[in-house]
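Below is final.txt, holding compact mmCIF, C-alpha atoms.
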# COMPACT_ATOMS: atom_id res chain seq x y z
CA MET A 30 -2.96 -7.09 -24.50
CA ASP A 31 -1.46 -3.72 -23.53
CA ARG A 32 -3.45 -3.69 -20.29
CA LEU A 33 -2.34 -7.23 -19.50
CA LEU A 34 1.31 -6.37 -20.14
CA ALA A 35 1.01 -3.21 -18.03
CA ARG A 36 -0.37 -5.28 -15.16
CA ILE A 37 2.34 -7.92 -15.54
CA ALA A 38 5.01 -5.19 -15.49
CA GLN A 39 3.89 -3.88 -12.08
CA PRO A 40 6.60 -4.35 -9.40
CA ALA A 41 4.22 -6.14 -7.02
CA PHE A 42 3.34 -8.74 -9.66
CA VAL A 43 6.97 -9.27 -10.76
CA LEU A 44 8.30 -9.66 -7.22
CA ARG A 45 5.55 -12.04 -6.12
CA ILE A 46 6.01 -14.20 -9.21
CA ALA A 47 9.77 -14.28 -8.49
CA ALA A 48 9.08 -15.46 -4.92
CA LEU A 49 6.64 -18.09 -6.21
CA ALA A 50 9.14 -19.31 -8.82
CA ILE A 51 11.91 -19.68 -6.20
CA CYS A 52 9.55 -21.58 -3.94
CA LEU A 53 8.56 -24.00 -6.71
CA LEU A 54 12.18 -24.51 -7.82
CA GLU A 55 13.36 -25.23 -4.29
CA LEU A 56 10.43 -27.58 -3.72
CA ALA A 57 11.23 -29.52 -6.91
CA SER A 58 14.94 -29.63 -6.01
CA ALA A 59 14.19 -30.90 -2.51
CA ILE A 60 11.88 -33.63 -3.76
CA TRP A 61 14.49 -34.67 -6.34
CA GLY A 62 17.21 -34.79 -3.72
CA LEU A 63 15.10 -36.73 -1.20
CA MET A 64 14.54 -39.33 -3.93
CA GLY A 65 18.30 -39.99 -3.88
CA ASN A 66 19.32 -37.91 -6.87
CA PRO A 67 22.25 -35.43 -6.77
CA THR A 68 21.24 -31.78 -6.34
CA GLU A 69 22.92 -28.48 -5.54
CA PRO A 70 23.27 -28.23 -1.73
CA TYR A 71 22.04 -25.24 0.24
CA ASP A 72 24.95 -22.87 0.73
CA GLY A 73 23.68 -20.26 3.17
CA VAL A 74 24.75 -19.46 6.73
CA LEU A 75 22.76 -22.37 8.13
CA ALA A 76 24.54 -24.86 5.82
CA SER A 77 27.97 -23.52 6.85
CA LEU A 78 27.15 -23.84 10.55
CA TYR A 79 25.69 -27.31 9.99
CA ARG A 80 28.85 -28.52 8.24
CA ARG A 81 31.00 -27.18 11.06
CA THR A 82 29.12 -29.48 13.43
CA GLY A 83 29.97 -32.44 11.19
CA GLY A 84 26.74 -32.63 9.25
CA ASP A 85 26.21 -33.08 5.53
CA SER A 86 24.17 -30.46 3.69
CA HIS A 87 22.54 -33.31 1.73
CA ASP A 88 21.02 -34.86 4.87
CA ALA A 89 17.26 -35.21 4.53
CA PRO A 90 16.34 -33.50 7.85
CA PHE A 91 18.59 -30.56 7.01
CA VAL A 92 17.14 -30.29 3.50
CA LEU A 93 13.61 -30.28 4.92
CA VAL A 94 14.52 -27.54 7.45
CA CYS A 95 16.02 -25.39 4.69
CA LEU A 96 13.01 -26.02 2.48
CA GLY A 97 10.75 -24.89 5.31
CA LEU A 98 12.78 -21.69 5.67
CA VAL A 99 12.50 -21.07 1.92
CA MET A 100 8.72 -21.54 2.12
CA LEU A 101 8.57 -19.16 5.08
CA PHE A 102 10.66 -16.63 3.16
CA ALA A 103 8.42 -16.93 0.08
CA TRP A 104 5.22 -16.54 2.14
CA HIS A 105 6.52 -13.52 4.04
CA PHE A 106 7.88 -11.99 0.82
CA TRP A 107 4.51 -12.58 -0.92
CA GLN A 108 2.67 -10.80 1.89
CA LEU A 109 5.03 -7.83 2.01
CA ALA A 110 5.16 -7.35 -1.77
CA ARG A 111 1.44 -6.62 -2.06
CA GLN A 112 0.49 -3.57 -4.11
CA GLN A 113 -1.06 -1.73 -1.15
CA HIS A 114 2.22 -2.10 0.74
CA LEU A 115 4.20 -0.75 -2.20
CA ASP A 116 1.77 2.18 -2.51
CA GLN A 117 1.74 2.83 1.24
CA PRO A 118 4.54 1.01 3.12
CA PRO A 119 3.61 -0.38 6.57
CA ARG A 120 5.09 1.26 9.63
CA ASP A 121 7.08 -1.87 10.51
CA ALA A 122 8.52 -2.20 6.98
CA LEU A 123 12.15 -2.03 8.16
CA ALA A 124 11.70 -4.81 10.74
CA ARG A 125 9.93 -7.03 8.24
CA VAL A 126 12.60 -6.46 5.60
CA LEU A 127 15.33 -7.33 8.10
CA LEU A 128 13.49 -10.55 8.99
CA LEU A 129 13.26 -11.41 5.30
CA ASP A 130 16.95 -10.78 4.81
CA LEU A 131 17.82 -12.99 7.78
CA LEU A 132 15.77 -15.85 6.30
CA ALA A 133 17.43 -15.33 2.92
CA LEU A 134 20.96 -15.37 4.32
CA LEU A 135 20.26 -18.50 6.35
CA VAL A 136 19.31 -20.43 3.23
CA THR A 137 21.28 -19.10 0.24
CA PRO A 138 23.23 -15.95 -0.71
CA GLY A 139 21.14 -15.54 -3.88
CA LEU A 140 17.87 -14.52 -2.19
CA PRO A 141 19.10 -11.23 -0.61
CA PHE A 142 19.05 -9.67 -4.10
CA LEU A 143 15.23 -9.79 -4.05
CA VAL A 144 15.19 -8.41 -0.51
CA THR A 145 17.30 -5.43 -1.61
CA VAL A 146 14.81 -4.67 -4.40
CA LEU A 147 11.92 -4.86 -1.95
CA ALA A 148 13.75 -2.70 0.59
CA ALA A 149 14.33 -0.01 -2.06
CA LEU A 150 10.58 -0.05 -2.73
CA LEU A 151 9.38 0.05 0.87
CA LEU A 152 11.99 2.16 2.66
CA ASN A 153 12.96 5.78 2.12
CA VAL A 154 15.98 6.42 -0.05
CA ARG A 155 18.46 6.84 2.83
CA ARG A 156 17.46 3.64 4.62
CA ALA A 157 17.32 1.72 1.34
CA PHE A 158 20.84 2.85 0.42
CA VAL A 159 22.24 1.89 3.84
CA PHE A 160 20.48 -1.47 3.55
CA ALA A 161 22.02 -2.16 0.12
CA LEU A 162 25.46 -1.13 1.40
CA ALA A 163 25.04 -3.43 4.41
CA GLN A 164 24.19 -6.29 2.07
CA VAL A 165 27.56 -5.85 0.34
CA VAL A 166 29.43 -5.77 3.66
CA ILE A 167 27.56 -8.81 5.01
CA ASN A 168 28.21 -10.90 1.90
CA VAL A 169 31.94 -10.08 1.93
CA ALA A 170 32.15 -10.86 5.67
CA LEU A 171 30.32 -14.17 5.23
CA TYR A 172 32.69 -15.11 2.41
CA TRP A 173 35.56 -15.19 4.91
CA LEU A 174 33.80 -16.06 8.18
CA LEU A 175 31.28 -18.68 6.99
CA PRO A 176 32.22 -19.68 3.45
CA SER A 177 30.10 -22.07 1.45
CA GLU A 178 31.52 -25.41 0.25
CA ALA A 179 32.55 -23.99 -3.13
CA GLN A 180 34.08 -20.90 -1.52
CA ARG A 181 35.98 -23.04 0.97
CA MET A 182 37.55 -25.02 -1.86
CA GLU A 183 38.56 -21.79 -3.57
CA GLN A 184 40.22 -20.57 -0.39
CA LEU A 185 42.13 -23.85 0.05
CA GLN A 186 43.50 -23.68 -3.50
CA PRO A 187 43.68 -19.96 -4.23
CA ASP A 188 44.62 -18.89 -7.73
CA LEU A 189 44.62 -15.23 -6.68
CA PRO A 190 45.75 -13.37 -3.55
CA TRP A 191 43.10 -13.13 -0.78
CA TRP A 192 42.81 -9.38 -1.13
CA LEU A 193 42.15 -9.67 -4.86
CA ASN A 194 39.47 -12.30 -4.23
CA THR A 195 37.90 -10.00 -1.66
CA LEU A 196 38.04 -7.02 -4.01
CA GLY A 197 36.47 -9.01 -6.83
CA LEU A 198 33.69 -10.26 -4.55
CA ALA A 199 33.06 -6.75 -3.22
CA ILE A 200 32.82 -5.31 -6.73
CA SER A 201 30.43 -8.04 -7.85
CA MET A 202 28.27 -7.48 -4.74
CA VAL A 203 28.26 -3.73 -5.35
CA ALA A 204 27.12 -4.35 -8.92
CA LEU A 205 24.45 -6.86 -7.88
CA HIS A 206 22.92 -4.96 -4.97
CA GLY A 207 23.49 -1.61 -6.67
CA MET A 208 21.35 -2.82 -9.54
CA ALA A 209 18.75 -4.11 -7.08
CA PHE A 210 18.74 -0.74 -5.29
CA GLY A 211 18.38 1.13 -8.59
CA LEU A 212 15.53 -1.08 -9.80
CA GLY A 213 13.70 -0.70 -6.51
CA ARG A 214 14.09 3.07 -6.37
CA LEU A 215 12.94 3.37 -9.99
CA ALA A 216 9.76 1.45 -9.16
CA ALA A 217 9.29 3.46 -5.95
CA ALA A 218 9.56 6.73 -7.89
CA GLU A 219 6.97 5.44 -10.34
CA ALA A 220 4.63 4.55 -7.47
CA GLU A 221 5.15 8.02 -5.96
CA ARG A 222 4.30 9.66 -9.28
CA ARG A 223 1.21 7.49 -9.54
CA ARG A 224 0.05 8.57 -6.06
CA TRP A 225 0.76 12.19 -6.94
CA PHE A 226 -1.22 12.04 -10.19
CA GLN A 227 -4.03 10.20 -8.45
CA ALA A 228 -4.31 12.89 -5.79
CA MET A 229 -4.15 15.65 -8.39
CA LEU A 230 -6.82 13.96 -10.51
CA ALA A 231 -9.09 13.56 -7.50
CA GLU A 232 -8.56 17.23 -6.65
CA LYS A 233 -9.40 18.19 -10.22
CA HIS A 234 -12.58 16.10 -10.27
CA SER A 235 -13.78 17.48 -6.94
CA GLY A 236 -13.14 21.03 -8.19
CA GLU A 237 -15.11 20.29 -11.33
CA ARG A 238 -18.03 19.02 -9.27
CA LEU A 239 -18.02 22.21 -7.24
CA GLN A 240 -17.83 24.26 -10.43
CA MET A 241 -20.86 22.39 -11.75
CA GLU A 242 -22.73 23.25 -8.57
CA GLN A 243 -21.74 26.89 -8.97
CA LEU A 244 -22.89 26.91 -12.59
CA ARG A 245 -26.24 25.45 -11.57
CA TYR A 246 -26.48 28.07 -8.86
CA ALA A 247 -25.74 30.86 -11.33
CA GLU A 248 -28.30 29.47 -13.79
CA ARG A 249 -31.00 29.30 -11.15
CA MET A 250 -30.27 32.84 -10.07
CA HIS A 251 -30.55 33.93 -13.68
CA MET A 252 -33.88 32.16 -14.05
CA ALA A 253 -35.13 33.73 -10.82
CA ARG A 254 -34.20 37.21 -12.05
CA GLU A 255 -35.83 36.58 -15.41
CA LEU A 256 -38.99 35.32 -13.73
CA HIS A 257 -39.17 38.39 -11.58
CA ASP A 258 -38.21 40.93 -14.23
CA VAL A 259 -40.36 39.53 -17.06
CA MET A 260 -43.45 37.98 -15.46
CA GLY A 261 -43.51 40.38 -12.54
CA HIS A 262 -43.33 43.35 -14.90
CA HIS A 263 -46.10 42.04 -17.14
CA LEU A 264 -48.38 41.17 -14.28
CA THR A 265 -47.86 44.56 -12.69
CA ALA A 266 -48.61 46.26 -16.00
CA LEU A 267 -51.77 44.12 -16.37
CA ASN A 268 -52.87 45.18 -12.93
CA LEU A 269 -52.36 48.86 -13.78
CA HIS A 270 -54.26 48.50 -17.04
CA LEU A 271 -57.15 46.82 -15.32
CA GLN A 272 -57.26 49.58 -12.76
CA LEU A 273 -57.39 52.09 -15.58
CA SER A 274 -60.08 50.08 -17.36
CA GLU A 275 -62.06 49.96 -14.18
CA ALA A 276 -61.93 53.74 -13.87
CA LEU A 277 -63.02 54.19 -17.51
CA LEU A 278 -65.74 51.60 -17.53
CA GLN A 279 -67.20 52.94 -14.37
CA ARG A 280 -68.51 55.84 -16.43
CA HIS A 281 -70.67 53.55 -18.62
CA ASP A 282 -71.57 50.31 -16.88
CA GLU A 283 -70.77 50.67 -13.28
CA ALA A 284 -72.19 47.34 -12.07
CA GLY A 285 -70.90 44.80 -14.66
CA ALA A 286 -67.60 46.46 -15.52
CA ALA A 287 -66.70 47.07 -11.93
CA GLN A 288 -67.40 43.45 -11.00
CA ALA A 289 -65.37 41.98 -13.92
CA VAL A 290 -62.48 44.34 -13.53
CA GLU A 291 -62.39 43.73 -9.78
CA LYS A 292 -62.05 39.99 -10.34
CA ALA A 293 -59.30 40.47 -12.92
CA LYS A 294 -57.47 42.79 -10.61
CA LEU A 295 -57.64 40.38 -7.72
CA GLY A 296 -56.48 37.51 -9.91
CA ALA A 297 -53.57 39.46 -11.29
CA ALA A 298 -52.54 40.62 -7.85
CA GLY A 299 -52.73 37.06 -6.51
CA LEU A 300 -50.67 35.72 -9.41
CA LEU A 301 -48.10 38.43 -8.87
CA ALA A 302 -47.88 37.54 -5.19
CA GLU A 303 -47.39 33.85 -6.04
CA VAL A 304 -44.63 34.63 -8.53
CA ARG A 305 -42.82 36.75 -5.97
CA ALA A 306 -43.18 34.03 -3.33
CA ALA A 307 -41.76 31.45 -5.74
CA VAL A 308 -38.86 33.71 -6.57
CA SER A 309 -38.14 34.24 -2.88
CA ARG A 310 -38.25 30.52 -2.18
CA GLU A 311 -35.92 29.85 -5.12
CA ARG A 312 -33.45 32.44 -3.91
CA GLU A 313 -33.46 31.02 -0.39
CA SER A 314 -32.83 27.47 -1.65
CA GLN A 315 -29.78 28.36 -3.72
CA ARG A 316 -26.96 26.71 -1.79
CA ILE A 317 -23.91 24.71 -2.85
CA ASN A 318 -23.72 20.99 -2.03
CA LEU A 319 -20.14 20.57 -0.75
CA GLU A 320 -20.71 16.93 0.19
CA THR A 321 -20.74 15.82 -3.46
CA ALA A 322 -17.37 17.44 -4.17
CA LEU A 323 -15.78 15.99 -1.03
CA ARG A 324 -17.00 12.47 -1.83
CA THR A 325 -15.57 12.83 -5.33
CA LEU A 326 -12.22 13.78 -3.78
CA ALA A 327 -12.32 10.79 -1.39
CA ASP A 328 -13.34 8.28 -4.07
CA GLY A 329 -10.56 9.46 -6.38
CA ILE A 330 -7.73 8.54 -3.97
CA ALA A 331 -7.31 4.77 -3.77
CA SER A 332 -3.91 4.58 -2.02
CA THR A 333 -5.16 6.27 1.17
CA GLN A 334 -8.33 5.67 3.17
CA ILE A 335 -10.34 8.91 3.20
CA GLU A 336 -13.06 8.91 5.87
CA LEU A 337 -15.85 11.51 5.67
CA ALA A 338 -18.05 12.53 8.61
CA LEU A 339 -20.26 15.25 7.12
CA ASP A 340 -23.14 17.04 8.80
CA PRO A 341 -26.19 17.71 6.54
CA VAL A 342 -25.15 21.37 6.58
CA ALA A 343 -22.56 20.37 3.92
CA GLN A 344 -25.45 20.35 1.44
CA ASP A 345 -26.48 23.92 2.26
CA LEU A 346 -23.54 26.32 1.99
CA THR A 347 -23.01 29.57 0.15
CA PRO A 348 -20.80 29.42 -2.96
CA ARG A 349 -17.93 31.39 -1.36
CA CYS A 350 -17.95 29.27 1.79
CA ALA A 351 -18.11 25.97 -0.13
CA HIS A 352 -15.36 26.98 -2.54
CA ALA A 353 -12.96 28.11 0.20
CA LEU A 354 -13.56 25.01 2.34
CA LEU A 355 -13.11 22.64 -0.60
CA ARG A 356 -9.80 24.23 -1.62
CA CYS A 357 -8.51 24.02 1.95
CA VAL A 358 -9.58 20.38 2.33
CA GLN A 359 -8.00 19.54 -1.04
CA GLU A 360 -4.72 21.11 0.08
CA ALA A 361 -4.71 19.27 3.42
CA VAL A 362 -5.67 15.88 1.96
CA THR A 363 -3.27 15.94 -0.98
CA ASN A 364 -0.40 17.03 1.28
CA ALA A 365 -1.17 14.14 3.63
CA VAL A 366 -1.22 11.68 0.71
CA ARG A 367 1.77 12.96 -1.26
CA HIS A 368 4.18 14.19 1.42
CA ALA A 369 3.20 12.82 4.84
CA GLY A 370 2.75 9.17 3.84
CA ALA A 371 -0.65 8.99 5.56
CA THR A 372 -2.64 5.75 5.33
CA ARG A 373 -5.82 7.32 6.74
CA VAL A 374 -7.29 10.82 6.53
CA LYS A 375 -10.52 11.78 8.29
CA VAL A 376 -12.50 14.84 7.17
CA SER A 377 -15.32 15.98 9.47
CA LEU A 378 -17.73 18.89 8.92
CA CYS A 379 -20.25 20.27 11.40
CA THR A 380 -21.76 23.54 12.63
CA VAL A 381 -20.75 25.17 15.91
CA ASP A 382 -22.18 28.04 17.92
CA ALA A 383 -20.40 31.13 19.16
CA ASP A 384 -18.66 29.37 22.09
CA GLY A 385 -17.36 26.55 19.88
CA GLY A 386 -19.90 23.89 20.87
CA VAL A 387 -21.37 21.63 18.21
CA SER A 388 -24.91 22.76 17.37
CA THR A 389 -27.29 22.03 14.52
CA SER A 390 -28.33 25.68 14.53
CA GLY A 391 -24.82 27.08 14.74
CA THR A 392 -23.72 29.97 12.55
CA GLN A 393 -20.15 28.73 12.05
CA VAL A 394 -19.00 25.84 9.85
CA GLN A 395 -16.16 23.79 11.34
CA VAL A 396 -14.05 21.41 9.24
CA ARG A 397 -11.32 19.18 10.67
CA VAL A 398 -8.79 17.24 8.60
CA ASP A 399 -6.97 14.61 10.67
CA ASP A 400 -4.28 12.33 9.17
CA ASN A 401 -1.95 9.67 10.58
CA GLY A 402 1.07 10.66 8.49
CA ARG A 403 4.58 11.41 9.65
CA GLY A 404 3.90 15.04 10.51
CA THR A 405 6.76 17.26 11.60
CA ARG A 406 8.27 17.99 14.98
CA LYS A 407 8.91 21.62 14.10
CA LEU A 408 6.07 23.33 12.27
CA ARG A 409 7.09 25.55 9.37
CA GLU A 410 4.26 27.26 7.55
CA GLY A 411 4.61 26.78 3.81
CA ASN A 412 2.50 28.07 0.98
CA GLY A 413 -0.21 25.49 1.63
CA LEU A 414 -0.90 26.48 5.25
CA LYS A 415 -0.60 30.18 4.44
CA GLY A 416 -3.05 29.76 1.56
CA MET A 417 -5.59 28.11 3.88
CA GLN A 418 -5.21 30.92 6.41
CA GLU A 419 -5.77 33.53 3.72
CA ARG A 420 -8.88 31.79 2.36
CA MET A 421 -10.44 31.57 5.81
CA ALA A 422 -9.46 35.16 6.66
CA GLU A 423 -11.25 36.42 3.52
CA LEU A 424 -14.46 34.90 4.87
CA GLY A 425 -13.92 36.18 8.40
CA GLY A 426 -12.88 32.73 9.63
CA THR A 427 -9.77 31.04 11.03
CA MET A 428 -7.40 28.16 10.31
CA GLN A 429 -5.51 26.40 13.11
CA VAL A 430 -3.01 23.53 13.22
CA LEU A 431 -4.08 21.68 16.37
CA ARG A 432 -1.46 18.92 15.96
CA HIS A 433 1.56 18.48 13.72
CA HIS A 434 3.24 15.37 15.17
CA PRO A 435 2.42 12.58 14.77
CA GLY A 436 0.26 13.49 11.79
CA PHE A 437 -1.55 16.76 11.17
CA LEU A 438 -4.86 17.92 12.63
CA ILE A 439 -6.10 21.06 10.89
CA GLU A 440 -9.23 22.94 11.94
CA LEU A 441 -11.08 25.38 9.67
CA ASN A 442 -13.81 27.75 10.89
CA CYS A 443 -15.82 30.20 8.84
CA PRO A 444 -19.30 31.80 8.88
CA ARG A 445 -21.92 29.51 7.39
CA ARG A 446 -23.42 32.29 5.26
CA ALA A 447 -20.15 33.94 4.24
Will you turn the file into structure tokens for me?
Amino acid sequence: MDRLLARIAQPAFVLRIAALAICLLELASAIWGLMGNPTEPYDGVLASLYRRTGGDSHDAPFVLVCLGLVMLFAWHFWQLARQQHLDQPPRDALARVLLLDLLALLVTPGLPFLVTVLAALLLNVRRAFVFALAQVVINVALYWLLPSEAQRMEQLQPDLPWWLNTLGLAISMVALHGMAFGLGRLAAAEAERRRWFQAMLAEKHSGERLQMEQLRYAERMHMARELHDVMGHHLTALNLHLQLSEALLQRHDEAGAAQAVEKAKLGAAGLLAEVRAAVSRERESQRINLETALRTLADGIASTQIELALDPVAQDLTPRCAHALLRCVQEAVTNAVRHAGATRVKVSLCTVDADGGVSTSGTQVQVRVDDNGRGTRKLREGNGLKGMQERMAELGGTMQVLRHHPGFLIELNCPRRA
């Protein structure tokens, strides 16, 4: 039940249900009116203009046109209020919100309240505030320029001075759209916190995967040392004892003792050689698999598409190199998700040779993180970029910002065996 209630309380679900409810109510009202029953007329801008041309807002063709506009509004609102749009607003969000508001004003002054909520969710705080303020101004202007039927009757028989009517309307509009703005910004802040926690959790999980790889690496190294120190020592001692036995036995039974001891010596020497070869192979194979940690990072961020293009060399890196590269990629990806508003981030890893060309046998690892976020026209190095530079410098590598508007393109280079 708690999970169901949490899902129902999501802004995307609430707004879409509100749009669906309005659509159904207007459809029922239109059908009832077309059957000859009295209903509330449409009182938007379109109705005011239609009455000025001598029409009646109860006319069937006019009702059908308004109903079509309501359906169009509901469909467009339904599409724009999807969860992925609330998590990552589309680039044309402002234009689509303005179109929604135009449809709402054409039909009825009540619908712009929902548009203000949606605008506060999709737009940044400055644009959302200006939009809400414009809604107040537009509603007050329409009250005097294109009044509805009820408003026109109030103006013909005023109980209060015009300025007091205007002030009262302005205050009510400020309260209405101010509440809509506040509700939208509250939900937008919650969505931002959710994206931030999601990115931090993905970063934590990817770091844990790398730590697990490092622990396995340390354990294997420990086993390799134990194998060499214990078995190698015992086998060497056995070889020395057999040599001594050979020298002693030679004094009594030269033929049999020498033959048996020679075989034991050769066997012990061969076993010792095999143990040392196994230890050497184990040492050479101890590399960190960075690909697993990067895929964990990508899978943990649902609000942004993380694309990975990883060369097989990602599975064969030294612990220091893998750790430094992962931390730098984490910093670049989480900044793109949390601060730049990126909808796509591409992480590529390959090896390059001394002149910078891509090569499978290259000695340098090159990582590029490319996002389509807002970027910045004037690059200012913060702690994140400085931290990446320092990590690469410790390994004898480099960090460069190849592009910072639009979006960031960061290139990391470090020795493969650092």
Find, counting all atoms listed in the file, the residue in A:Asn318, A:Gln227, A:Asn412, A:Thr372 that gets nearest to Gln243 (chain A). A:Asn318
Env of region 43-46 of chain A: 10 Å cut, atoms = only C-alpha atoms, seq-sep filter 3 positions within chain, self excluded. Answer as JSON, numbers by chain. {"A": [36, 37, 38, 39, 40, 49, 50, 51, 52, 103, 104, 106, 107, 108, 109, 110, 111, 143, 144, 146, 147]}
Go ahead and save the picked residues with C-alpha atoms, as an mmCIF file, in the frame of the given file.
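Heads up, here's the output in result21.cif:
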data_model
loop_
_atom_site.group_PDB
_atom_site.id
_atom_site.type_symbol
_atom_site.label_atom_id
_atom_site.label_comp_id
_atom_site.auth_asym_id
_atom_site.auth_seq_id
_atom_site.Cartn_x
_atom_site.Cartn_y
_atom_site.Cartn_z
ATOM 1 C CA ARG A 36 -0.370 -5.280 -15.160
ATOM 2 C CA ILE A 37 2.340 -7.920 -15.540
ATOM 3 C CA ALA A 38 5.010 -5.190 -15.490
ATOM 4 C CA GLN A 39 3.890 -3.880 -12.080
ATOM 5 C CA PRO A 40 6.600 -4.350 -9.400
ATOM 6 C CA LEU A 49 6.640 -18.090 -6.210
ATOM 7 C CA ALA A 50 9.140 -19.310 -8.820
ATOM 8 C CA ILE A 51 11.910 -19.680 -6.200
ATOM 9 C CA CYS A 52 9.550 -21.580 -3.940
ATOM 10 C CA ALA A 103 8.420 -16.930 0.080
ATOM 11 C CA TRP A 104 5.220 -16.540 2.140
ATOM 12 C CA PHE A 106 7.880 -11.990 0.820
ATOM 13 C CA TRP A 107 4.510 -12.580 -0.920
ATOM 14 C CA GLN A 108 2.670 -10.800 1.890
ATOM 15 C CA LEU A 109 5.030 -7.830 2.010
ATOM 16 C CA ALA A 110 5.160 -7.350 -1.770
ATOM 17 C CA ARG A 111 1.440 -6.620 -2.060
ATOM 18 C CA LEU A 143 15.230 -9.790 -4.050
ATOM 19 C CA VAL A 144 15.190 -8.410 -0.510
ATOM 20 C CA VAL A 146 14.810 -4.670 -4.400
ATOM 21 C CA LEU A 147 11.920 -4.860 -1.950
#
Determine, counting all atoms listed in the file, which protein, DNA and RNA residues have an atom within 9 Å of an atom of Ala76 (chain A); residues of the same chain fewer than 4 positions away are not included. Present the result as a PDB file with C-alpha atoms, in the frame of the given file.
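Wrote it out as part-v2.pdb, contents follow:
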ATOM      1  CA  PRO A  70      23.270 -28.230  -1.730  1.00  0.00           C
ATOM      2  CA  TYR A  71      22.040 -25.240   0.240  1.00  0.00           C
ATOM      3  CA  ASP A  72      24.950 -22.870   0.730  1.00  0.00           C
ATOM      4  CA  ARG A  80      28.850 -28.520   8.240  1.00  0.00           C
ATOM      5  CA  ARG A  81      31.000 -27.180  11.060  1.00  0.00           C
ATOM      6  CA  GLY A  84      26.740 -32.630   9.250  1.00  0.00           C
ATOM      7  CA  ASP A  85      26.210 -33.080   5.530  1.00  0.00           C
ATOM      8  CA  SER A  86      24.170 -30.460   3.690  1.00  0.00           C
ATOM      9  CA  PHE A  91      18.590 -30.560   7.010  1.00  0.00           C
ATOM     10  CA  CYS A  95      16.020 -25.390   4.690  1.00  0.00           C
ATOM     11  CA  LEU A 135      20.260 -18.500   6.350  1.00  0.00           C
ATOM     12  CA  VAL A 136      19.310 -20.430   3.230  1.00  0.00           C
ATOM     13  CA  THR A 137      21.280 -19.100   0.240  1.00  0.00           C
ATOM     14  CA  SER A 177      30.100 -22.070   1.450  1.00  0.00           C
ATOM     15  CA  GLU A 178      31.520 -25.410   0.250  1.00  0.00           C
TER      16      GLU A 178
END
Residues near Leu115 (chain A), cut-off 12 Å, only C-alpha atoms, skip fewer than 5 positions along chain, as an MDAnalysis selection string: chainID A and resid 39:42 44 107:110 122 146:153 213:214 216:221 223:224 332 370
Could you please determine the separation between CA of His206 (chain A) and CA of Leu193 (chain A) in Å, to one decimal place?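 CA of Leu193 (chain A) lies at a distance of 19.8 Å from CA of His206 (chain A).
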If we count all atoms listed in the file and set the cut-off at 9 Å, which residues sit around Leu230 (chain A), ignoring sequence neighbours fewer than 3 positions away in its own chain? Please answer as a count of residues only. 9
As an exercise, work out the distance from CA of Leu215 (chain A) to CA of Phe437 (chain A) in Å and give it to one decimal place. 28.9 Å
